[in-house]
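Have a look at start.txt below; it lists compact mmCIF, C-alpha atoms.
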# COMPACT_ATOMS: atom_id res chain seq x y z
CA MET X 995 0.00 0.00 0.00
CA ASP X 996 1.20 3.48 -0.89
CA ILE X 997 1.00 5.15 2.52
CA LYS X 998 1.86 8.59 1.14
CA ALA X 999 -1.00 8.41 -1.37
CA TYR X 1000 -3.28 7.07 1.37
CA ILE X 1001 -2.47 10.01 3.62
CA GLU X 1002 -3.08 12.42 0.75
CA SER X 1003 -6.42 10.85 -0.16
CA GLY X 1004 -8.40 12.98 2.26
CA VAL X 1005 -9.34 9.99 4.41
CA VAL X 1006 -7.31 11.42 7.33
CA GLU X 1007 -9.40 14.61 7.27
CA SER X 1008 -12.62 12.61 6.95
CA TYR X 1009 -11.56 10.61 9.98
CA VAL X 1010 -10.76 13.62 12.14
CA LEU X 1011 -13.96 15.45 11.19
CA GLY X 1012 -16.06 12.34 11.84
CA LEU X 1013 -17.06 11.95 8.20
CA ALA X 1014 -15.39 8.58 7.59
CA SER X 1015 -17.43 5.40 7.23
CA PRO X 1016 -16.97 2.62 9.82
CA GLU X 1017 -14.84 0.66 7.32
CA GLU X 1018 -12.63 3.68 6.67
CA VAL X 1019 -12.28 4.25 10.41
CA ALA X 1020 -11.26 0.65 11.04
CA GLU X 1021 -8.73 0.72 8.20
CA LEU X 1022 -7.19 4.01 9.32
CA GLU X 1023 -6.89 2.95 12.96
CA ALA X 1024 -5.19 -0.27 11.92
CA LEU X 1025 -2.82 1.60 9.60
CA SER X 1026 -1.95 4.27 12.14
CA VAL X 1027 -0.70 1.56 14.49
CA GLN X 1028 1.58 0.16 11.76
CA HIS X 1029 2.63 3.48 10.19
CA SER X 1030 3.57 6.39 12.39
CA GLU X 1031 3.17 8.77 9.39
CA VAL X 1032 -0.56 8.04 9.38
CA ARG X 1033 -0.81 8.81 13.08
CA ALA X 1034 1.28 11.93 12.57
CA ALA X 1035 -1.00 13.12 9.77
CA VAL X 1036 -4.06 12.54 11.97
CA ASP X 1037 -2.47 14.46 14.83
CA ALA X 1038 -1.37 17.31 12.57
CA PHE X 1039 -4.82 17.88 11.09
CA ALA X 1040 -6.47 17.46 14.49
CA GLU X 1041 -4.06 20.04 15.88
CA SER X 1042 -4.91 22.51 13.06
CA ILE X 1043 -8.62 22.03 13.61
CA GLN X 1044 -8.22 22.48 17.35
CA GLN X 1045 -6.15 25.63 16.90
CA GLN X 1046 -8.71 26.95 14.46
CA ALA X 1047 -11.56 26.19 16.86
CA MET X 1048 -9.73 27.59 19.88
CA GLY X 1049 -9.12 30.73 17.86
CA THR X 1050 -12.83 31.22 17.29
CA ASN X 1051 -13.77 31.16 20.91
CA ILE X 1052 -17.27 32.38 21.72
CA ALA X 1053 -17.90 32.72 25.44
CA PRO X 1054 -21.14 30.96 26.41
CA PRO X 1055 -23.48 32.61 28.95
CA PRO X 1056 -22.00 32.15 32.44
CA GLU X 1057 -25.14 30.52 33.86
CA ILE X 1058 -24.51 27.42 31.73
CA LYS X 1059 -21.48 26.47 33.81
CA GLN X 1060 -23.43 27.00 36.99
CA GLN X 1061 -26.31 24.87 35.72
CA LEU X 1062 -23.89 22.13 34.67
CA MET X 1063 -22.14 22.14 38.02
CA GLU X 1064 -25.48 21.84 39.80
CA ARG X 1065 -26.66 19.12 37.44
CA LEU X 1066 -23.52 17.02 37.86
CA ALA X 1067 -23.00 17.81 41.55
CA GLY X 1068 -23.92 14.26 42.56
CA ASP X 1069 -21.32 12.78 40.20
CA PHE X 1070 -18.32 14.62 41.53
CA LYS X 1071 -15.94 12.91 43.90
CA GLU X 1072 -15.25 15.55 46.48
CA GLY X 1073 -12.03 15.46 48.42
CA ALA X 1074 -10.11 14.70 45.29
CA ILE X 1075 -9.94 18.37 44.37
CA ALA X 1076 -7.14 19.30 46.72
CA ALA X 1077 -5.04 16.49 45.35
CA ALA X 1078 -5.44 17.58 41.75
CA PRO X 1079 -3.15 20.59 41.34
CA ALA X 1080 -0.37 19.06 43.44
CA ALA X 1081 -0.42 15.84 41.44
CA PRO X 1082 2.80 14.86 39.72
CA LYS X 1083 2.97 14.64 35.95
CA LEU X 1084 1.14 11.57 34.90
CA SER X 1085 2.64 10.60 31.64
CA ALA X 1086 2.21 6.83 31.88
CA LEU X 1087 -1.53 6.76 32.05
CA PRO X 1088 -4.25 5.53 31.64
CA GLY X 1089 -5.75 3.11 34.15
CA GLY X 1090 -5.86 5.32 37.23
CA SER X 1091 -2.86 6.62 39.11
CA ALA X 1092 -1.54 5.82 42.58
CA ASN X 1093 -2.98 9.18 43.52
CA GLY X 1094 -6.41 8.02 42.52
CA LYS X 1095 -6.03 4.89 44.59
CA VAL X 1096 -5.02 6.88 47.65
CA VAL X 1097 -7.99 9.15 47.17
CA ARG X 1098 -10.23 6.15 46.83
CA MET X 1099 -8.72 4.47 49.91
CA VAL X 1100 -9.13 7.63 51.97
CA SER X 1101 -12.72 8.09 50.90
CA PHE X 1102 -13.34 4.38 51.54
CA LYS X 1103 -12.00 4.73 55.09
CA ILE X 1104 -14.09 7.82 55.68
CA TRP X 1105 -17.18 6.05 54.46
CA ARG X 1106 -16.42 2.97 56.50
CA ASN X 1107 -16.14 5.10 59.64
CA VAL X 1108 -19.28 6.97 58.78
CA ALA X 1109 -21.10 3.66 58.27
CA ALA X 1110 -19.82 2.30 61.60
CA ALA X 1111 -20.90 5.45 63.39
CA ALA X 1112 -24.30 5.23 61.75
CA VAL X 1113 -24.76 1.64 62.94
CA VAL X 1114 -23.79 2.55 66.52
CA LEU X 1115 -26.19 5.49 66.48
CA LEU X 1116 -28.95 3.27 65.16
CA VAL X 1117 -28.47 0.71 67.95
CA VAL X 1118 -28.37 3.42 70.64
CA SER X 1119 -31.45 5.04 69.18
CA ALA X 1120 -33.33 1.72 69.03
CA THR X 1121 -32.44 0.95 72.67
CA LEU X 1122 -33.57 4.38 73.79
CA ASN X 1123 -36.78 3.89 71.86
CA VAL X 1124 -37.57 0.71 73.84
CA TYR X 1125 -36.66 2.40 77.12
CA TYR X 1126 -38.74 5.48 76.44
CA TYR X 1127 -41.64 3.41 75.21
CA LYS X 1128 -41.68 1.42 78.48
CA ASN X 1129 -41.55 4.63 80.47
CA TYR X 1130 -44.34 6.04 78.40
CA THR X 1131 -46.55 2.97 78.95
CA GLN X 1132 -45.98 3.02 82.72
CA THR X 1133 -46.69 6.72 82.94
CA THR X 1134 -49.84 6.33 80.90
CA ASN X 1135 -51.09 3.58 83.22
CA LYS X 1136 -50.38 5.67 86.30
CA TYR X 1137 -52.11 8.61 84.74
CA GLN X 1138 -55.21 6.52 83.97
CA ALA X 1139 -55.30 5.29 87.56
CA LEU X 1140 -55.07 8.84 88.87
CA LEU X 1141 -57.80 9.94 86.51
CA ALA X 1142 -60.12 7.20 87.79
CA GLU X 1143 -59.35 8.10 91.41
CA ARG X 1144 -59.98 11.73 90.71
CA ASN X 1145 -63.38 10.91 89.17
CA THR X 1146 -64.35 8.89 92.25
CA LEU X 1147 -63.33 11.70 94.57
CA GLN X 1148 -65.15 14.21 92.43
CA ALA X 1149 -68.35 12.15 92.61
CA ALA X 1150 -68.04 11.87 96.40
CA ASN X 1151 -67.44 15.57 96.65
CA ASP X 1152 -70.52 16.29 94.55
CA ASP X 1153 -72.61 14.12 96.89
CA TYR X 1154 -71.38 15.92 99.97
CA HIS X 1155 -71.95 19.20 98.32
CA GLN X 1156 -75.57 18.21 97.71
CA THR X 1157 -75.87 17.16 101.35
CA LEU X 1158 -74.67 20.54 102.48
CA ASN X 1159 -77.14 22.28 100.20
CA VAL X 1160 -79.99 20.27 101.67
CA ILE X 1161 -78.93 20.96 105.24
CA HIS X 1162 -78.57 24.67 104.72
CA ASP X 1163 -81.87 25.15 102.94
CA SER X 1164 -84.01 27.42 105.19
CA THR X 1165 -87.25 25.53 104.56
CA ILE X 1166 -85.66 22.26 105.67
CA GLN X 1167 -86.82 20.72 108.89
CA MET X 1168 -84.34 18.41 110.56
CA VAL X 1169 -85.57 15.28 112.35
CA ARG X 1170 -82.96 13.47 114.37
CA MET X 1171 -83.65 9.78 114.79
CA GLN X 1172 -81.98 8.18 117.82
CA GLY X 1173 -81.23 4.50 118.23
CA VAL X 1174 -84.05 2.54 119.89
CA PRO X 1175 -83.22 0.61 123.09
CA GLY X 1176 -80.70 -2.11 122.29
CA LYS X 1177 -79.57 -0.18 119.20
CA GLN X 1178 -78.52 3.02 120.95
CA ASN X 1179 -75.40 3.57 119.00
CA ASN X 1180 -77.37 3.92 115.75
CA MET X 1181 -78.41 7.30 114.49
CA ALA X 1182 -79.87 8.82 111.36
CA THR X 1183 -81.32 12.15 110.32
CA VAL X 1184 -84.29 13.08 108.15
CA TYR X 1185 -84.28 16.37 106.31
CA TRP X 1186 -87.81 17.26 105.35
CA ASP X 1187 -88.59 20.13 103.04
CA ALA X 1188 -91.79 21.75 104.28
CA LYS X 1189 -92.44 23.42 100.95
CA THR X 1190 -91.81 20.63 98.45
CA LYS X 1191 -92.48 17.80 100.92
CA ALA X 1192 -89.25 16.17 99.76
CA VAL X 1193 -87.62 13.83 102.25
CA TYR X 1194 -83.89 13.18 102.54
CA VAL X 1195 -82.25 10.80 104.92
CA TYR X 1196 -78.70 10.76 106.16
CA ALA X 1197 -77.30 7.68 107.89
CA ASN X 1198 -75.10 9.21 110.58
CA ASN X 1199 -74.40 5.82 111.97
CA LEU X 1200 -76.30 2.66 111.04
CA GLN X 1201 -75.17 -0.91 111.62
CA GLN X 1202 -73.64 -2.87 108.76
CA ILE X 1203 -76.44 -4.35 106.71
CA PRO X 1204 -76.57 -8.20 106.62
CA GLU X 1205 -76.69 -9.97 103.24
CA GLY X 1206 -80.02 -9.65 101.43
CA LYS X 1207 -81.38 -6.89 103.72
CA GLN X 1208 -82.03 -3.20 103.26
CA TYR X 1209 -82.95 -0.27 105.53
CA GLN X 1210 -86.39 1.22 104.94
CA LEU X 1211 -87.65 4.64 106.07
CA TRP X 1212 -91.16 5.05 107.41
CA ALA X 1213 -93.21 8.10 108.14
CA LEU X 1214 -95.66 7.74 111.05
CA VAL X 1215 -98.85 9.50 110.00
CA ASP X 1216 -101.57 9.52 112.61
CA GLY X 1217 -100.13 6.34 114.13
CA LYS X 1218 -99.86 4.48 110.84
CA PRO X 1219 -96.56 3.73 109.13
CA VAL X 1220 -96.26 5.10 105.58
CA ASP X 1221 -93.50 3.80 103.32
CA ALA X 1222 -90.91 6.50 102.55
CA GLY X 1223 -88.64 4.26 100.46
CA VAL X 1224 -85.63 2.02 100.92
CA ILE X 1225 -82.20 3.46 101.54
CA THR X 1226 -79.99 2.56 98.62
CA ASP X 1227 -76.21 2.59 98.63
CA CYS X 1228 -75.95 6.33 98.31
CA ARG X 1229 -73.31 8.59 99.67
CA GLY X 1230 -74.32 11.58 101.72
CA VAL X 1231 -78.04 12.20 101.83
CA CYS X 1232 -80.45 9.89 100.03
CA LYS X 1233 -83.54 11.31 98.43
CA MET X 1234 -86.62 9.42 99.64
CA LYS X 1235 -90.31 9.52 98.76
CA ASN X 1236 -92.19 12.75 99.38
CA ILE X 1237 -94.17 12.81 102.59
CA ALA X 1238 -97.04 15.35 102.98
CA ARG X 1239 -97.38 15.17 106.68
CA ALA X 1240 -95.98 13.03 109.50
CA GLN X 1241 -95.53 13.05 113.26
CA ALA X 1242 -92.41 10.85 113.32
CA PHE X 1243 -89.91 8.98 111.16
CA ALA X 1244 -88.35 5.55 111.74
CA ILE X 1245 -85.98 3.14 110.03
CA THR X 1246 -86.39 -0.63 110.06
CA LEU X 1247 -84.30 -3.37 108.55
CA GLU X 1248 -86.32 -5.10 105.86
CA LYS X 1249 -85.76 -7.67 103.13
CA GLN X 1250 -84.15 -6.51 99.90
CA GLY X 1251 -86.49 -4.12 98.10
CA GLY X 1252 -88.46 -3.18 101.20
CA SER X 1253 -91.75 -4.33 102.77
CA ALA X 1254 -95.35 -3.11 102.71
CA THR X 1255 -95.46 -2.92 106.49
CA PRO X 1256 -92.56 -2.35 108.84
CA THR X 1257 -91.04 -5.17 110.84
CA LEU X 1258 -91.26 -3.42 114.18
CA THR X 1259 -88.89 -5.85 115.89
CA ALA X 1260 -86.21 -4.70 113.49
CA MET X 1261 -86.60 -1.00 114.15
CA TYR X 1262 -83.26 0.77 114.52
CA VAL X 1263 -83.94 4.46 114.92
CA LEU X 1264 -86.92 6.63 115.65
CA GLY X 1265 -87.37 10.40 115.82
CA LYS X 1266 -90.31 12.67 116.44
CA VAL X 1267 -90.96 15.67 114.23
CA MET C 1358 -11.01 31.32 31.00
CA PRO C 1359 -9.42 29.40 33.86
CA GLU C 1360 -9.43 31.21 37.14
CA ASN C 1361 -6.56 29.30 38.62
CA ALA C 1362 -3.15 29.12 37.07
CA VAL C 1363 -3.08 25.31 37.13
CA LYS C 1364 -2.43 23.80 33.74
CA TYR C 1365 -3.06 20.18 32.99
CA THR C 1366 -1.59 18.18 30.18
CA GLU C 1367 -4.24 16.46 28.12
CA ALA C 1368 -3.31 13.09 29.69
CA GLU C 1369 -3.61 14.52 33.21
CA LEU C 1370 -6.90 16.15 32.43
CA VAL C 1371 -8.33 12.90 31.06
CA ALA C 1372 -7.04 10.95 34.07
CA PHE C 1373 -8.58 13.41 36.53
CA LEU C 1374 -11.84 13.43 34.62
CA LYS C 1375 -11.95 9.65 34.81
CA GLN C 1376 -11.46 10.02 38.57
CA ARG C 1377 -14.59 12.19 38.58
CA GLN C 1378 -12.84 15.27 39.93
CA GLN C 1379 -14.93 18.39 39.97
CA SER C 1380 -11.91 20.63 39.53
CA ALA C 1381 -10.95 18.76 36.35
CA PHE C 1382 -14.44 19.22 34.97
CA GLY C 1383 -14.30 22.92 35.80
CA TYR C 1384 -10.96 23.15 34.03
CA LEU C 1385 -12.32 21.31 31.01
CA TYR C 1386 -15.27 23.66 30.83
CA ASP C 1387 -13.22 26.80 31.29
CA ASN C 1388 -10.78 25.81 28.58
CA TYR C 1389 -13.01 24.24 25.96
CA SER C 1390 -16.55 25.60 26.34
CA GLY C 1391 -15.78 28.64 24.18
CA SER C 1392 -14.45 26.69 21.22
CA LEU C 1393 -17.11 23.97 21.47
CA TYR C 1394 -19.75 26.68 21.74
CA SER C 1395 -18.50 28.14 18.47
CA VAL C 1396 -18.73 24.68 16.89
CA ILE C 1397 -22.37 24.52 18.00
CA LEU C 1398 -23.07 28.05 16.77
CA SER C 1399 -21.61 27.18 13.39
CA ILE C 1400 -24.40 24.62 13.09
CA ILE C 1401 -27.27 26.04 15.16
CA SER C 1402 -28.13 29.70 14.87
CA ASP C 1403 -30.66 29.78 17.73
CA ARG C 1404 -28.72 30.84 20.82
CA GLU C 1405 -31.18 29.40 23.31
CA LEU C 1406 -31.01 26.05 21.60
CA ALA C 1407 -27.24 26.29 21.31
CA ASN C 1408 -27.04 26.86 25.06
CA ASP C 1409 -29.03 23.70 25.69
CA VAL C 1410 -26.82 21.76 23.29
CA LEU C 1411 -23.67 23.03 25.00
CA GLN C 1412 -24.96 21.78 28.32
CA GLU C 1413 -25.86 18.40 26.83
CA VAL C 1414 -22.44 18.19 25.19
CA PHE C 1415 -20.61 18.66 28.48
CA VAL C 1416 -22.87 16.16 30.20
CA LYS C 1417 -22.09 13.70 27.40
CA ILE C 1418 -18.37 14.31 27.66
CA TRP C 1419 -18.54 13.82 31.42
CA ARG C 1420 -20.58 10.65 31.17
CA GLN C 1421 -18.63 9.14 28.25
CA ILE C 1422 -15.09 10.07 29.27
CA GLU C 1423 -14.46 6.39 30.10
CA THR C 1424 -14.89 5.55 26.43
CA TYR C 1425 -12.33 8.11 25.28
CA ASP C 1426 -9.26 6.31 23.93
CA ALA C 1427 -6.19 8.51 23.69
CA THR C 1428 -4.54 6.10 21.28
CA LYS C 1429 -7.16 6.98 18.66
CA GLY C 1430 -6.79 10.70 18.72
CA ARG C 1431 -6.78 13.96 20.62
CA LEU C 1432 -9.26 14.78 23.34
CA PHE C 1433 -10.40 17.86 21.46
CA THR C 1434 -11.13 15.85 18.30
CA TRP C 1435 -13.24 13.48 20.35
CA MET C 1436 -15.11 16.34 22.04
CA MET C 1437 -15.59 18.19 18.78
CA ASN C 1438 -17.18 15.14 17.18
CA ILE C 1439 -19.51 14.74 20.16
CA THR C 1440 -20.40 18.40 19.79
CA ARG C 1441 -21.03 18.18 16.06
CA ASN C 1442 -23.15 15.05 16.43
CA ALA C 1443 -25.21 16.56 19.25
CA SER C 1444 -25.74 19.75 17.23
CA ILE C 1445 -26.82 17.87 14.11
CA ASP C 1446 -29.10 15.62 16.14
CA THR C 1447 -30.76 18.72 17.54
CA LEU C 1448 -30.92 20.30 14.09
CA ARG C 1449 -32.66 17.22 12.76
CA SER C 1450 -35.03 16.76 15.70
CA LYS C 1451 -38.66 17.44 14.92
CA GLY C 1452 -39.06 20.39 17.24
CA TYR C 1453 -36.23 22.23 15.60
CA GLN C 1454 -37.45 21.48 12.10
CA ASN C 1455 -40.71 23.34 12.80
CA ASN C 1456 -38.77 26.19 14.27
CA GLN C 1457 -36.48 26.22 11.30
CA GLN C 1458 -39.32 26.53 8.81
CA ASN C 1459 -40.49 29.68 10.54
CA ARG C 1460 -36.99 31.00 10.64
CA GLU C 1461 -36.34 30.33 6.99
CA LEU C 1462 -39.48 32.20 6.14
CA THR C 1463 -38.18 35.20 8.03
CA ASP C 1464 -34.77 34.85 6.44
CA THR C 1465 -36.30 34.85 3.00
CA VAL C 1466 -38.07 38.06 3.84
CA TYR C 1467 -34.87 39.62 5.03
CA GLU C 1468 -32.88 38.28 2.12
CA SER C 1469 -35.29 39.92 -0.27
CA VAL C 1470 -34.30 43.20 1.32
CA GLY C 1471 -30.74 42.05 0.80
CA SER C 1472 -29.36 42.30 4.34
CA VAL C 1473 -29.04 39.02 6.24
CA SER C 1474 -27.46 35.64 5.89
CA THR C 1475 -27.57 33.34 8.91
CA ASN C 1476 -24.82 34.01 11.37
CA THR C 1477 -23.76 30.36 11.35
CA ASP C 1478 -21.90 31.03 8.09
CA LYS C 1479 -19.67 33.48 9.84
CA ILE C 1480 -18.55 31.22 12.62
CA GLY C 1481 -15.55 28.96 12.96
CA LEU C 1482 -14.92 26.21 10.49
CA ARG C 1483 -18.05 27.06 8.53
CA LYS C 1484 -16.68 30.47 7.72
CA LEU C 1485 -13.61 28.77 6.22
CA VAL C 1486 -15.70 26.24 4.33
CA TYR C 1487 -17.52 29.12 2.69
CA THR C 1488 -14.25 30.18 1.11
CA LEU C 1489 -14.04 26.84 -0.74
CA LYS C 1490 -15.13 26.74 -4.35
CA PRO C 1491 -18.90 26.17 -4.71
CA ASP C 1492 -18.68 22.47 -5.74
CA TYR C 1493 -16.71 21.71 -2.60
CA LYS C 1494 -18.57 24.08 -0.34
CA VAL C 1495 -21.93 22.43 -0.90
CA LEU C 1496 -20.54 18.96 -0.18
CA VAL C 1497 -18.84 19.95 3.08
CA GLU C 1498 -21.90 21.96 4.03
CA LEU C 1499 -24.23 19.02 3.57
CA ALA C 1500 -21.91 16.36 4.96
CA TYR C 1501 -20.29 18.14 7.86
CA PHE C 1502 -22.72 20.85 8.94
CA GLN C 1503 -26.00 19.19 8.09
CA GLY C 1504 -25.01 15.57 8.68
CA TYR C 1505 -26.14 14.03 5.41
CA THR C 1506 -24.57 10.70 4.45
CA GLN C 1507 -22.72 10.55 1.14
CA ASP C 1508 -25.47 8.33 -0.19
CA GLU C 1509 -28.08 10.94 0.71
CA ILE C 1510 -25.99 13.70 -0.86
CA SER C 1511 -25.65 11.64 -4.03
CA LYS C 1512 -29.44 11.43 -4.31
CA LEU C 1513 -30.04 14.98 -3.19
CA LEU C 1514 -27.66 16.54 -5.73
CA ASP C 1515 -28.13 13.84 -8.33
CA ILE C 1516 -24.40 13.15 -8.50
CA PRO C 1517 -22.93 9.61 -8.61
CA LEU C 1518 -21.84 8.33 -5.15
CA GLY C 1519 -18.25 7.87 -6.36
CA THR C 1520 -18.10 11.51 -7.43
CA VAL C 1521 -19.47 12.65 -4.07
CA LYS C 1522 -16.78 10.61 -2.32
CA THR C 1523 -13.79 11.88 -4.34
CA ARG C 1524 -15.03 15.45 -4.46
CA LEU C 1525 -15.66 15.56 -0.72
CA ARG C 1526 -12.17 14.23 -0.04
CA ALA C 1527 -10.67 16.81 -2.36
CA ALA C 1528 -12.64 19.48 -0.57
CA LEU C 1529 -11.27 18.30 2.77
CA ILE C 1530 -7.71 18.36 1.45
CA GLN C 1531 -8.29 21.95 0.42
CA LEU C 1532 -9.81 22.73 3.81
CA ARG C 1533 -6.72 21.22 5.43
CA GLU C 1534 -4.57 23.71 3.59
CA ILE C 1535 -6.81 26.57 4.72
CA VAL C 1536 -6.75 25.63 8.41
CA LYS C 1537 -3.01 24.98 8.42
CA PRO C 1538 -1.46 27.54 10.74
Spell out the structure here as structure tokens.
Amino acid sequence: MDIKAYIESGVVESYVLGLASPEEVAELEALSVQHSEVRAAVDAFAESIQQQAMGTNIAPPPEIKQQLMERLAGDFKEGAIAAAPAAPKLSALPGGSANGKVVRMVSFKIWRNVAAAAVVLLVVSATLNVYYYKNYTQTTNKYQALLAERNTLQAANDDYHQTLNVIHDSTIQMVRMQGVPGKQNNMATVYWDAKTKAVYVYANNLQQIPEGKQYQLWALVDGKPVDAGVITDCRGVCKMKNIARAQAFAITLEKQGGSATPTLTAMYVLGKV
Amino acid sequence: MPENAVKYTEAELVAFLKQRQQSAFGYLYDNYSGSLYSVILSIISDRELANDVLQEVFVKIWRQIETYDATKGRLFTWMMNITRNASIDTLRSKGYQNNQQNRELTDTVYESVGSVSTNTDKIGLRKLVYTLKPDYKVLVELAYFQGYTQDEISKLLDIPLGTVKTRLRAALIQLREIVKP
């Protein structure tokens, strides 16, 4: 092959300008390995084109560089920058320099440490989570218990408040019922509203009620007992049935739910109006 | 132009780019964006579009630097071919074609008044190509700046393929003499 004629055929220029066909490219690359003149011709024309292009510099708008840097920010290997200007001449490239390896080792170590630290933090955080969750559960339970207790106390307080209101009402007549003989230590009080005829009873001190029994209040009207209701498990004063008129009040122990007539043998307290 | 006084050899620059160094990319941009921009502007007259192409070109260079083989030629040659291909691809994309039709209409109007030719003719290599004799000029224009294959040119100009081939090569030889420093 006449290399000189080949070089002068224009194929070198086609190659450099990217106008050569794949076959032409393959042939030229093979020939440039064998013949340094081919490679020299390629380099010479490439150099001319580069010089020509460099000479017709047109500065692009500055924001393009900024946009590019932002766009590629994730691709850059930081930390390598400082090493770049100080790097020795790297004539026997390519394939990555020792410098590159050092940079990679350093960044590997940094990342390994960061990863280790992250794992430790995760474990600590997880442990604290368990601890704080337990604390939280316990505190919640205690809080619920306190809330329930508070509600109970509030209810009791409301009852006593009502009792006080009844006692202090000016139209209220108080009837103290003393323990009958044999039951002297029992006592109860009836609060009777003269206007509304409402009857309230307060058990100052009544014996513990046996199973299946209940105290019942009676009004004695003209010598006859009138049912005024059974005393339920109420705190403070218990509202009973209204009584229009009465000369005395008494409490007997009756079966659950009360009786139609009082069991006089089981009378505990009695008080005259 | 570069803000720091550091100068890389081409081999160093390529090595640092392959290591993904930001400073190397900055250096590449500072030193070559102007000339590659002029390559784009010799093909695409729309500045906005040219700006987009320039950005794409540098992204391509960055992403494809691993494929650059120094034994096959200079870095600039490689980058210039990426630039030309990207510009022609854009030129031939559908969106640009529509744009171009409008533009040509305007140009015709202006040309009738006798004032304007597209500025691409006055930039870089294209300006030099326009000094070639008309037979040569049209071939380089179609092949290099508009990206037609020799087969397409043969059909377009109704010239035998062999003639296109020899004439284009002769044109390039002449161009070589013009660009020689």
For chain X versus chain C, which residues have an atom no more than 6 Å away, and what is each residue's nearest atom pair and distance in Å rounded to one decimal, using only C-alpha atoms, chain-then-number order, as a Markdown table?
| residue | atom | partner | partner_atom | distance |
| --- | --- | --- | --- | --- |
| X:Gly1004 | CA | C:Arg1526 | CA | 4.6 |
| X:Ser1042 | CA | C:Lys1537 | CA | 5.6 |
| X:Ala1047 | CA | C:Ser1392 | CA | 5.3 |
| X:Met1048 | CA | C:Ser1392 | CA | 5.0 |
| X:Thr1050 | CA | C:Gly1481 | CA | 5.6 |
| X:Asn1051 | CA | C:Ser1392 | CA | 4.5 |
| X:Ile1052 | CA | C:Gly1391 | CA | 4.7 |
| X:Ala1053 | CA | C:Gly1391 | CA | 4.8 |
| X:Phe1070 | CA | C:Gln1379 | CA | 5.3 |
| X:Lys1071 | CA | C:Arg1377 | CA | 5.5 |
| X:Ile1075 | CA | C:Ser1380 | CA | 5.7 |
| X:Leu1084 | CA | C:Glu1369 | CA | 5.8 |
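Nearest to C:Phe1502 of all the residues X:Leu1013, X:Tyr1125, X:Gln1167, X:Leu1264 is X:Leu1013, counting all atoms listed in the file.
Between atom CA of C:Arg1483 and atom CA of C:Ile1397 the interatomic distance comes to 10.7 Å.
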Please report the interatomic distance between atom CA of X:Val1032 and atom CA of C:Thr1424 in Å with one decimal.
22.4 Å
Can you sort out stretch 1503-1515 of chain C so it carries N, CA and C atoms, written as a PDB file, in the frame of the given file?
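Contents of the output file result.pdb:
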ATOM      1  N   GLN C1503     -24.612  19.632   8.020  1.00  0.00           N
ATOM      2  CA  GLN C1503     -26.000  19.190   8.090  1.00  0.00           C
ATOM      3  C   GLN C1503     -26.137  17.687   8.307  1.00  0.00           C
ATOM      4  N   GLY C1504     -25.000  16.973   8.278  1.00  0.00           N
ATOM      5  CA  GLY C1504     -25.010  15.570   8.680  1.00  0.00           C
ATOM      6  C   GLY C1504     -25.607  14.597   7.679  1.00  0.00           C
ATOM      7  N   TYR C1505     -25.639  14.977   6.413  1.00  0.00           N
ATOM      8  CA  TYR C1505     -26.140  14.030   5.410  1.00  0.00           C
ATOM      9  C   TYR C1505     -25.063  12.976   5.117  1.00  0.00           C
ATOM     10  N   THR C1506     -25.518  11.742   4.873  1.00  0.00           N
ATOM     11  CA  THR C1506     -24.570  10.700   4.450  1.00  0.00           C
ATOM     12  C   THR C1506     -24.228  10.953   2.977  1.00  0.00           C
ATOM     13  N   GLN C1507     -23.127  10.338   2.546  1.00  0.00           N
ATOM     14  CA  GLN C1507     -22.720  10.550   1.140  1.00  0.00           C
ATOM     15  C   GLN C1507     -23.761   9.993   0.189  1.00  0.00           C
ATOM     16  N   ASP C1508     -24.393   8.922   0.610  1.00  0.00           N
ATOM     17  CA  ASP C1508     -25.470   8.330  -0.190  1.00  0.00           C
ATOM     18  C   ASP C1508     -26.631   9.327  -0.357  1.00  0.00           C
ATOM     19  N   GLU C1509     -26.988   9.950   0.745  1.00  0.00           N
ATOM     20  CA  GLU C1509     -28.080  10.940   0.710  1.00  0.00           C
ATOM     21  C   GLU C1509     -27.705  12.134  -0.172  1.00  0.00           C
ATOM     22  N   ILE C1510     -26.445  12.554  -0.055  1.00  0.00           N
ATOM     23  CA  ILE C1510     -25.990  13.700  -0.860  1.00  0.00           C
ATOM     24  C   ILE C1510     -26.053  13.358  -2.352  1.00  0.00           C
ATOM     25  N   SER C1511     -25.624  12.109  -2.644  1.00  0.00           N
ATOM     26  CA  SER C1511     -25.650  11.640  -4.030  1.00  0.00           C
ATOM     27  C   SER C1511     -27.063  11.754  -4.610  1.00  0.00           C
ATOM     28  N   LYS C1512     -28.042  11.365  -3.833  1.00  0.00           N
ATOM     29  CA  LYS C1512     -29.440  11.430  -4.310  1.00  0.00           C
ATOM     30  C   LYS C1512     -29.935  12.870  -4.356  1.00  0.00           C
ATOM     31  N   LEU C1513     -29.572  13.591  -3.319  1.00  0.00           N
ATOM     32  CA  LEU C1513     -30.040  14.980  -3.190  1.00  0.00           C
ATOM     33  C   LEU C1513     -29.552  15.851  -4.347  1.00  0.00           C
ATOM     34  N   LEU C1514     -28.247  15.679  -4.692  1.00  0.00           N
ATOM     35  CA  LEU C1514     -27.660  16.540  -5.730  1.00  0.00           C
ATOM     36  C   LEU C1514     -27.651  15.861  -7.096  1.00  0.00           C
ATOM     37  N   ASP C1515     -28.112  14.602  -7.084  1.00  0.00           N
ATOM     38  CA  ASP C1515     -28.130  13.840  -8.330  1.00  0.00           C
ATOM     39  C   ASP C1515     -26.724  13.735  -8.942  1.00  0.00           C
TER      40      ASP C1515
END
